[in-house]
$ cat entry.csv   # CSV, C-alpha atoms
chain,number,residue,atom,x,y,z
A,1,MET,CA,79.8,97.3,55.6
A,2,ARG,CA,77.5,97.7,58.6
A,3,GLN,CA,78.7,96.0,61.8
A,4,THR,CA,76.6,93.3,63.3
A,5,ALA,CA,75.2,93.7,66.8
A,6,ARG,CA,77.6,91.0,68.0
A,7,GLU,CA,80.6,92.8,66.5
A,8,GLU,CA,79.5,96.1,68.2
A,9,MET,CA,79.1,94.4,71.5
A,10,LEU,CA,82.6,92.9,71.3
A,11,GLN,CA,84.1,96.2,70.3
A,12,GLU,CA,82.4,97.9,73.2
A,13,ALA,CA,83.7,95.2,75.6
A,14,GLU,CA,87.2,95.7,74.3
A,15,LEU,CA,87.0,99.5,74.8
A,16,ARG,CA,85.7,99.0,78.3
A,17,ALA,CA,88.6,96.6,79.0
A,18,VAL,CA,91.1,99.3,77.7
A,19,GLU,CA,89.5,101.9,80.0
A,20,GLU,CA,89.8,99.4,82.9
A,21,MET,CA,93.5,98.8,82.1
A,22,ALA,CA,94.2,102.5,82.3
A,23,GLU,CA,92.4,102.7,85.6
A,24,ARG,CA,94.3,99.7,87.0
A,25,ARG,CA,97.6,101.1,85.8
A,26,GLN,CA,97.0,104.3,87.8
A,27,ALA,CA,96.0,102.3,90.9
A,28,ILE,CA,99.2,100.2,90.6
A,29,LEU,CA,101.3,103.4,90.3
A,30,THR,CA,99.5,104.8,93.4
A,31,GLU,CA,100.3,101.8,95.5
A,32,ILE,CA,103.9,101.5,94.3
A,33,ARG,CA,104.5,105.2,95.1
A,34,LYS,CA,103.7,104.5,98.7
A,35,VAL,CA,107.1,102.6,98.8
A,36,ILE,CA,109.1,103.7,95.9
A,37,VAL,CA,110.0,107.4,95.4
A,38,GLY,CA,110.5,108.6,91.8
A,39,GLN,CA,111.7,106.1,89.2
A,40,GLU,CA,108.5,106.8,87.2
A,41,GLU,CA,110.0,105.8,83.8
A,42,VAL,CA,111.5,102.6,85.3
A,43,ILE,CA,108.1,101.5,86.7
A,44,GLU,CA,106.3,102.3,83.5
A,45,GLU,CA,108.8,100.2,81.5
A,46,ILE,CA,108.5,97.2,83.9
A,47,LEU,CA,104.7,97.3,83.7
A,48,THR,CA,104.9,97.5,79.9
A,49,ALA,CA,107.1,94.4,79.8
A,50,LEU,CA,104.8,92.6,82.2
A,51,PHE,CA,101.6,93.2,80.2
A,52,SER,CA,103.6,92.3,76.9
A,53,LYS,CA,104.6,88.9,78.4
A,54,GLY,CA,108.2,90.1,78.2
A,55,HIS,CA,111.2,90.1,80.7
A,56,CYS,CA,113.4,92.9,82.0
A,57,LEU,CA,117.1,93.3,82.6
A,58,LEU,CA,117.6,96.0,85.3
A,59,VAL,CA,121.0,97.6,85.2
A,60,GLY,CA,122.0,100.0,88.0
A,61,VAL,CA,124.4,100.4,90.9
A,62,PRO,CA,123.6,98.9,94.3
A,63,GLY,CA,121.2,100.7,96.6
A,64,LEU,CA,118.7,102.0,94.1
A,65,ALA,CA,115.8,99.9,95.4
A,66,LYS,CA,115.7,97.4,92.5
A,67,THR,CA,114.8,94.5,94.8
A,68,LEU,CA,112.3,96.6,96.8
A,69,LEU,CA,110.6,97.7,93.6
A,70,ILE,CA,110.1,94.2,92.4
A,71,SER,CA,108.9,92.8,95.7
A,72,THR,CA,106.5,95.7,96.0
A,73,LEU,CA,105.2,95.1,92.5
A,74,SER,CA,104.6,91.4,93.3
A,75,GLU,CA,102.6,92.3,96.4
A,76,VAL,CA,100.5,94.9,94.7
A,77,LEU,CA,99.7,92.4,91.9
A,78,ASP,CA,99.1,89.5,94.3
A,79,LEU,CA,101.6,87.2,92.6
A,80,ARG,CA,104.1,84.7,93.9
A,81,PHE,CA,107.6,86.1,94.2
A,82,ASN,CA,110.9,84.3,94.5
A,83,ARG,CA,114.4,85.7,94.5
A,84,ILE,CA,117.6,83.9,93.4
A,85,GLN,CA,121.0,85.4,94.4
A,86,PHE,CA,123.3,84.4,91.6
A,87,THR,CA,126.8,83.4,92.7
A,88,PRO,CA,129.7,81.7,91.0
A,89,ASP,CA,128.9,78.3,92.6
A,90,LEU,CA,125.2,78.3,91.8
A,91,MET,CA,124.1,75.2,89.8
A,92,PRO,CA,121.3,74.9,87.2
A,93,SER,CA,119.4,72.5,89.6
A,94,ASP,CA,119.5,75.3,92.2
A,95,ILE,CA,117.2,77.2,89.9
A,96,THR,CA,115.0,74.5,88.2
A,97,GLY,CA,114.8,72.0,91.0
A,98,THR,CA,116.0,68.5,91.6
A,99,ASP,CA,114.9,64.9,92.1
A,100,ILE,CA,115.3,63.5,95.6
A,101,LEU,CA,115.1,59.8,96.6
A,102,GLU,CA,112.5,59.1,99.2
A,103,GLU,CA,111.2,56.0,100.8
A,104,ASP,CA,107.5,55.1,101.5
A,105,PRO,CA,107.5,54.2,105.2
A,106,ALA,CA,104.5,51.9,104.7
A,107,THR,CA,105.8,49.8,101.9
A,108,GLY,CA,109.5,50.4,102.0
A,109,HIS,CA,109.5,51.3,98.3
A,110,ARG,CA,111.9,54.0,97.1
A,111,ARG,CA,111.1,56.5,94.4
A,112,PHE,CA,112.3,59.8,93.0
A,113,ARG,CA,110.3,62.9,93.7
A,114,PHE,CA,110.9,66.2,91.9
A,115,VAL,CA,111.3,69.2,94.2
A,116,GLU,CA,110.5,72.4,92.4
A,117,GLY,CA,113.2,75.1,92.4
A,118,PRO,CA,112.6,78.9,92.8
A,119,ILE,CA,111.9,79.3,89.1
A,120,PHE,CA,108.4,77.9,89.8
A,121,THR,CA,106.8,81.3,90.6
A,122,ASN,CA,105.1,84.2,88.9
A,123,ILE,CA,107.7,86.9,89.4
A,124,LEU,CA,111.4,85.8,89.6
A,125,LEU,CA,114.1,88.2,90.6
A,126,ALA,CA,117.5,87.0,89.3
A,127,ASP,CA,119.8,89.1,91.4
A,128,GLU,CA,123.2,89.9,89.9
A,129,ILE,CA,122.6,87.4,87.1
A,130,ASN,CA,126.1,88.0,85.6
A,131,ARG,CA,127.8,86.6,88.6
A,132,THR,CA,127.1,83.0,87.7
A,133,PRO,CA,128.6,80.9,84.8
A,134,PRO,CA,126.9,80.6,81.4
A,135,LYS,CA,125.8,77.1,82.1
A,136,THR,CA,123.7,78.3,85.1
A,137,GLN,CA,122.5,81.4,83.2
A,138,ALA,CA,121.3,79.1,80.4
A,139,ALA,CA,118.9,77.4,82.9
A,140,LEU,CA,116.7,80.4,82.5
A,141,LEU,CA,116.6,80.3,78.7
A,142,GLN,CA,113.9,77.7,78.1
A,143,ALA,CA,111.8,79.1,80.9
A,144,MET,CA,112.0,82.6,79.6
A,145,GLN,CA,111.1,81.6,76.0
A,146,GLU,CA,108.8,78.6,76.4
A,147,TYR,CA,107.5,78.9,79.9
A,148,LYS,CA,108.7,75.4,80.5
A,149,VAL,CA,111.4,73.7,82.6
A,150,THR,CA,113.1,70.4,81.7
A,151,ALA,CA,114.7,68.5,84.6
A,152,SER,CA,115.9,64.9,84.5
A,153,GLY,CA,114.3,64.4,81.1
A,154,THR,CA,110.8,65.6,82.3
A,155,THR,CA,109.3,68.8,81.1
A,156,TYR,CA,107.2,70.9,83.6
A,157,VAL,CA,105.0,73.8,82.5
A,158,LEU,CA,105.3,77.0,84.5
A,159,ASP,CA,102.2,78.6,86.0
A,160,PRO,CA,101.5,81.8,84.1
A,161,PRO,CA,102.1,84.7,84.4
A,162,PHE,CA,105.9,84.2,84.5
A,163,PHE,CA,108.0,87.3,84.6
A,164,VAL,CA,111.8,87.4,85.0
A,165,LEU,CA,113.5,90.6,86.3
A,166,ALA,CA,117.2,90.2,86.3
A,167,THR,CA,119.6,92.7,87.9
A,168,GLN,CA,123.1,93.5,86.9
A,169,ASN,CA,125.7,95.8,88.5
A,170,PRO,CA,127.4,97.9,85.8
A,171,ILE,CA,130.4,98.7,88.0
A,172,GLU,CA,131.9,95.6,89.5
A,173,GLN,CA,133.1,93.5,86.5
A,174,GLU,CA,135.7,91.4,88.2
A,175,GLY,CA,134.5,87.8,88.7
A,176,THR,CA,131.5,88.3,86.4
A,177,TYR,CA,130.3,86.4,83.3
A,178,PRO,CA,128.9,88.7,80.6
A,179,LEU,CA,125.5,87.5,79.4
A,180,PRO,CA,125.6,85.8,76.0
A,181,GLU,CA,123.8,87.6,73.2
A,182,ALA,CA,121.3,84.7,73.0
A,183,GLN,CA,120.3,85.3,76.6
A,184,LEU,CA,120.3,89.1,76.3
A,185,ASP,CA,117.9,88.8,73.4
A,186,ARG,CA,115.4,87.0,75.6
A,187,PHE,CA,115.0,90.2,77.6
A,188,MET,CA,112.4,92.4,76.1
A,189,PHE,CA,113.7,95.5,77.9
A,190,HIS,CA,117.1,96.7,79.1
A,191,VAL,CA,116.0,99.1,81.9
A,192,GLY,CA,118.7,101.5,83.1
A,193,ILE,CA,118.2,102.7,86.7
A,194,ASP,CA,120.1,105.9,87.6
A,195,TYR,CA,120.7,107.9,90.8
A,196,PRO,CA,117.6,109.8,92.0
A,197,PRO,CA,117.4,113.6,91.8
A,198,LEU,CA,118.2,115.6,94.9
A,199,GLN,CA,114.6,116.1,96.1
A,200,ASP,CA,113.7,112.4,95.6
A,201,GLU,CA,116.8,111.3,97.5
A,202,VAL,CA,115.8,113.6,100.4
A,203,GLU,CA,112.3,112.0,100.5
A,204,ILE,CA,113.8,108.5,100.2
A,205,VAL,CA,116.1,109.1,103.3
A,206,ALA,CA,113.2,110.7,105.2
A,207,LYS,CA,110.9,107.7,104.6
A,208,THR,CA,113.3,104.9,105.1
A,209,THR,CA,114.7,106.3,108.4
A,210,SER,CA,111.3,106.8,110.0
A,211,SER,CA,108.7,104.4,111.4
A,212,TYR,CA,106.5,104.8,108.3
A,213,ARG,CA,105.1,101.5,107.1
A,214,PRO,CA,102.9,101.7,104.0
A,215,ASP,CA,99.7,99.7,103.8
A,216,LEU,CA,99.6,98.2,100.3
A,217,HIS,CA,96.4,97.1,98.6
A,218,LYS,CA,96.1,94.4,95.9
A,219,VAL,CA,95.2,95.9,92.6
A,220,LEU,CA,95.3,92.9,90.2
A,221,ASP,CA,95.2,89.2,90.6
A,222,ARG,CA,96.7,86.4,88.4
A,223,ARG,CA,93.6,85.8,86.4
A,224,LYS,CA,93.1,89.5,85.6
A,225,ILE,CA,96.7,89.9,84.6
A,226,LEU,CA,96.4,87.1,82.1
A,227,ASP,CA,93.3,88.7,80.6
A,228,LEU,CA,95.1,92.0,80.2
A,229,GLN,CA,98.1,90.3,78.6
A,230,GLU,CA,95.7,88.8,76.0
A,231,LEU,CA,94.0,92.2,75.5
A,232,VAL,CA,97.4,93.7,74.6
A,233,ARG,CA,97.8,91.0,71.9
A,234,ARG,CA,94.4,92.0,70.4
A,235,VAL,CA,95.2,95.7,70.1
A,236,PRO,CA,95.5,96.6,66.4
A,237,ALA,CA,98.7,98.0,64.9
A,238,SER,CA,98.5,99.2,61.3
A,239,PRO,CA,101.0,98.2,58.6
A,240,TYR,CA,102.2,101.8,58.8
A,241,ILE,CA,103.2,101.4,62.5
A,242,ILE,CA,104.6,97.9,61.9
A,243,GLY,CA,106.6,99.2,59.0
A,244,TYR,CA,108.2,101.9,61.1
A,245,ALA,CA,109.2,99.4,63.9
A,246,VAL,CA,110.8,97.1,61.3
A,247,LYS,CA,112.6,99.9,59.6
A,248,LEU,CA,113.9,101.2,63.0
A,249,ALA,CA,115.3,97.7,63.8
A,250,ARG,CA,116.8,97.1,60.3
A,251,GLN,CA,118.5,100.5,60.2
A,252,SER,CA,120.5,99.5,63.2
A,253,ARG,CA,122.4,96.9,61.1
A,254,PRO,CA,125.5,98.0,59.4
A,255,GLN,CA,125.1,95.3,56.7
A,256,GLU,CA,121.7,96.7,55.7
A,257,PRO,CA,121.6,98.3,52.2
A,258,GLY,CA,121.4,102.1,52.7
A,259,ALA,CA,122.5,101.9,56.3
A,260,PHE,CA,123.4,105.3,57.9
A,261,SER,CA,127.1,106.2,58.0
A,262,PHE,CA,127.2,106.4,61.8
A,263,VAL,CA,125.8,102.9,62.0
A,264,LYS,CA,128.5,101.5,59.7
A,265,GLU,CA,131.1,103.5,61.7
A,266,TRP,CA,130.1,102.5,65.2
A,267,VAL,CA,128.1,99.2,65.0
A,268,ASP,CA,129.3,95.6,64.6
A,269,TRP,CA,125.9,93.9,64.9
A,270,GLY,CA,122.4,95.4,64.9
A,271,ALA,CA,119.0,94.3,66.3
A,272,GLY,CA,117.3,91.2,65.0
A,273,PRO,CA,113.7,90.5,64.2
A,274,ARG,CA,112.8,89.9,67.8
A,275,ALA,CA,113.5,93.6,68.4
A,276,SER,CA,110.7,94.5,65.8
A,277,GLN,CA,108.3,92.2,67.6
A,278,TYR,CA,109.0,93.7,71.0
A,279,LEU,CA,108.7,97.3,69.6
A,280,ILE,CA,105.2,96.5,68.5
A,281,LEU,CA,104.2,94.6,71.6
A,282,GLY,CA,105.6,97.3,73.8
A,283,ALA,CA,103.8,100.0,71.8
A,284,LYS,CA,100.5,98.1,72.1
A,285,ALA,CA,100.9,97.7,75.9
A,286,ARG,CA,101.8,101.3,76.3
A,287,ALA,CA,98.8,102.4,74.3
A,288,VAL,CA,96.4,100.3,76.3
A,289,MET,CA,97.9,101.4,79.6
A,290,GLN,CA,97.2,105.0,78.6
A,291,GLY,CA,93.6,104.1,77.7
A,292,ARG,CA,94.0,104.0,73.9
A,293,TYR,CA,92.9,101.0,71.7
A,294,ALA,CA,95.5,101.5,68.9
A,295,ALA,CA,99.3,101.8,68.9
A,296,GLY,CA,100.9,104.8,67.4
A,297,ILE,CA,104.3,106.0,66.2
A,298,GLU,CA,105.0,107.7,69.5
A,299,ASP,CA,104.4,104.5,71.3
A,300,VAL,CA,107.0,102.7,69.2
A,301,ARG,CA,109.5,105.6,69.8
A,302,ALA,CA,108.8,105.5,73.6
A,303,VAL,CA,109.8,101.8,73.9
A,304,ALA,CA,112.7,102.0,71.4
A,305,ARG,CA,115.5,102.7,73.9
A,306,PRO,CA,114.8,99.8,76.3
A,307,VAL,CA,114.2,97.4,73.4
A,308,LEU,CA,117.2,98.3,71.3
A,309,ARG,CA,120.0,99.3,73.6
A,310,HIS,CA,121.1,95.7,74.5
A,311,ARG,CA,120.6,94.4,70.9
A,312,ILE,CA,123.0,96.8,69.3
A,313,LEU,CA,126.7,95.7,69.6
A,314,THR,CA,129.1,98.7,69.2
A,315,ASN,CA,132.6,98.2,67.9
A,316,PHE,CA,136.0,99.3,69.3
A,317,LYS,CA,135.9,102.6,67.4
A,318,ALA,CA,132.6,103.5,69.2
A,319,GLN,CA,134.0,102.5,72.5
A,320,ALA,CA,137.2,104.5,72.0
A,321,GLU,CA,135.1,107.6,71.2
A,322,GLY,CA,132.8,107.0,74.1
A,323,VAL,CA,129.8,106.2,72.0
A,324,THR,CA,127.3,103.8,73.6
A,325,SER,CA,124.5,101.7,72.1
A,326,LEU,CA,122.0,104.1,73.6
A,327,ASP,CA,123.7,107.0,71.7
A,328,VAL,CA,123.2,104.9,68.5
A,329,VAL,CA,119.5,104.4,69.3
A,330,THR,CA,119.0,108.1,70.0
A,331,ARG,CA,120.6,108.9,66.5
A,332,LEU,CA,118.3,106.3,64.9
A,333,LEU,CA,115.2,107.9,66.4
A,334,GLN,CA,116.4,111.2,65.0
A,335,GLU,CA,117.2,109.9,61.5
A,336,VAL,CA,114.6,107.1,60.8
A,337,LYS,CA,111.3,108.5,59.5
A,338,PRO,CA,108.1,106.6,59.1
A,339,ASP,CA,107.0,105.9,55.6
A,340,GLU,CA,104.0,107.9,54.4
A,341,PRO,CA,100.8,106.1,55.3
A,342,ARG,CA,98.8,104.6,52.4
A,343,SER,CA,95.5,106.2,51.8

$ encode --input "entry.csv" --output "structure tokens"
Amino acid sequence: MRQTAREEMLQEAELRAVEEMAERRQAILTEIRKVIVGQEEVIEEILTALFSKGHCLLVGVPGLAKTLLISTLSEVLDLRFNRIQFTPDLMPSDITGTDILEEDPATGHRRFRFVEGPIFTNILLADEINRTPPKTQAALLQAMQEYKVTASGTTYVLDPPFFVLATQNPIEQEGTYPLPEAQLDRFMFHVGIDYPPLQDEVEIVAKTTSSYRPDLHKVLDRRKILDLQELVRRVPASPYIIGYAVKLARQSRPQEPGAFSFVKEWVDWGAGPRASQYLILGAKARAVMQGRYAAGIEDVRAVARPVLRHRILTNFKAQAEGVTSLDVVTRLLQEVKPDEPRS
């Protein structure tokens, strides 16, 4: 059936938007590289999550520029940025905000006024999130899922875009509270940050011990980011691609009929349906960021590790043998094959 002139115009507009997205991505990377040396994969994963309306859990030892990366990103994107240092004595109201009693000097009347907490921002850095008790961690749950905050019986809508980046130190476990599975599942990506290569570390030391002060330029504003997030949702994904993403998530479950022997041997619980959703959203965002208006199998495979690694719970046998959830994901990517596309 021949396309109407209106349909052709809409398609051309979408393709132009995809081209613009690829150009803006390159501009963002150029600006971030003025401050951050290396960590290319980490930056790509963070941008993918942002344009997918997801959230990231960043796991790495101290001193790897996690905070600097996030603050630089907020500056390049011209977004409001707040940081919360999670501590054992942090209360939920310290995150969401609280009511204060104030008196009108003219009338003498007293009333409660809600003072917004640091969660009312665009980019929120939840630093060392596992150092605070579950009750306080849970204060983020509603905001991350519904983009709303309820305080003193009143619900407040957060100003989009709302993007949570939580950091976690993998070494110091004393005095920490492991994130519940329900909260872990709210994070689209688990992003592992490792030590930089030798040459990158030399460049880092040279830059940070000199008088060099980069001049950052704004690349995107709030309105444009929201438009690009909607563009990602409109990117097509064929039943063939969706079927592969669902198959990849389902094969991580030891209870699944026909599960691989290594999954039954090493895994207690596999990834749920939200993993399949994030595999597709991440694949769409990655495709658009590279200037393509359709998600492919390689896009799904590229986001599989950050999507699945925190959703697969290994058992004691795996831990005893030194097998991690990331090892399981790597095996799944080797073993799970896409079904033949229907003609």

$ atom_distance --input "entry.csv" --atom1 "atom CA of Val328 of chain A" --atom2 "atom CA of Gln145 of chain A"
27.3 Å

$ closest_residue --input "entry.csv" --among "A:Ala182, A:Ala166, A:Val323, A:Ile119" --to "Pro134 of chain A" --atoms "all atoms listed in the file"
A:Ala182

$ closest_residue --input "entry.csv" --among "A:Leu47, A:Cys56, A:Ala249, A:Met144" --to "Arg25 of chain A" --atoms "only C-alpha atoms"
A:Leu47

$ atom_distance --input "entry.csv" --atom1 "atom CA of Ser71 of chain A" --atom2 "atom CA of Arg305 of chain A"
24.8 Å

$ closest_atom_pairs --input "entry.csv" --of "segment 266-292 of chain A" --to "segment 232-236 of chain A" --cutoff "10 Å" --atoms "only C-alpha atoms" --output "JSON lines"
{"residue": "A:Ile280", "atom": "CA", "partner": "A:Arg233", "partner_atom": "CA", "distance": 9.8}
{"residue": "A:Leu281", "atom": "CA", "partner": "A:Arg233", "partner_atom": "CA", "distance": 7.3}
{"residue": "A:Gly282", "atom": "CA", "partner": "A:Val232", "partner_atom": "CA", "distance": 9.0}
{"residue": "A:Ala283", "atom": "CA", "partner": "A:Val232", "partner_atom": "CA", "distance": 9.4}
{"residue": "A:Lys284", "atom": "CA", "partner": "A:Val232", "partner_atom": "CA", "distance": 5.9}
{"residue": "A:Ala285", "atom": "CA", "partner": "A:Val232", "partner_atom": "CA", "distance": 5.5}
{"residue": "A:Arg286", "atom": "CA", "partner": "A:Val232", "partner_atom": "CA", "distance": 8.9}
{"residue": "A:Ala287", "atom": "CA", "partner": "A:Val235", "partner_atom": "CA", "distance": 8.7}
{"residue": "A:Val288", "atom": "CA", "partner": "A:Val232", "partner_atom": "CA", "distance": 6.9}
{"residue": "A:Met289", "atom": "CA", "partner": "A:Val232", "partner_atom": "CA", "distance": 9.2}
{"residue": "A:Arg292", "atom": "CA", "partner": "A:Val235", "partner_atom": "CA", "distance": 9.2}

$ closest_residue --input "entry.csv" --among "A:Leu125, A:Leu29, A:Ala138, A:Ala245" --to "Glu41 of chain A" --atoms "only C-alpha atoms"
A:Leu29

$ closest_residue --input "entry.csv" --among "A:Trp266, A:Tyr212, A:Tyr195, A:Tyr293" --to "Gln319 of chain A" --atoms "only C-alpha atoms"
A:Trp266

$ axis_aligned_box --input "entry.csv" --around "segment 70-89 of chain A" --padding-each-side "4 Å" --output "lines of an AutoDock Vina configuration file"
center_x = 114.4
center_y = 87.0
center_z = 93.7
size_x = 38.6
size_y = 25.4
size_z = 13.4

$ atom_distance --input "entry.csv" --atom1 "atom CA of Glu116 of chain A" --atom2 "atom CA of Pro161 of chain A"
16.9 Å

$ closest_atom_pairs --input "entry.csv" --of "segment 42-111 of chain A" --to "segment 227-230 of chain A" --cutoff "9 Å" --atoms "all atoms listed in the file" --output "CSV"
residue,atom,partner,partner_atom,distance
A:Leu50,CA,A:Gln229,CA,7.9
A:Phe51,CA,A:Gln229,CA,4.8
A:Ser52,CA,A:Gln229,CA,6.1
A:Lys53,CA,A:Gln229,CA,6.7

$ residues_around --input "entry.csv" --residues "segment 309-315 of chain A" --least-positions-apart "3" --cutoff "8 Å" --atoms "only C-alpha atoms" --output "ChimeraX atom specification"
/A:181,184-185,190,252,266-272,275,305-306,318-319,324-326,329
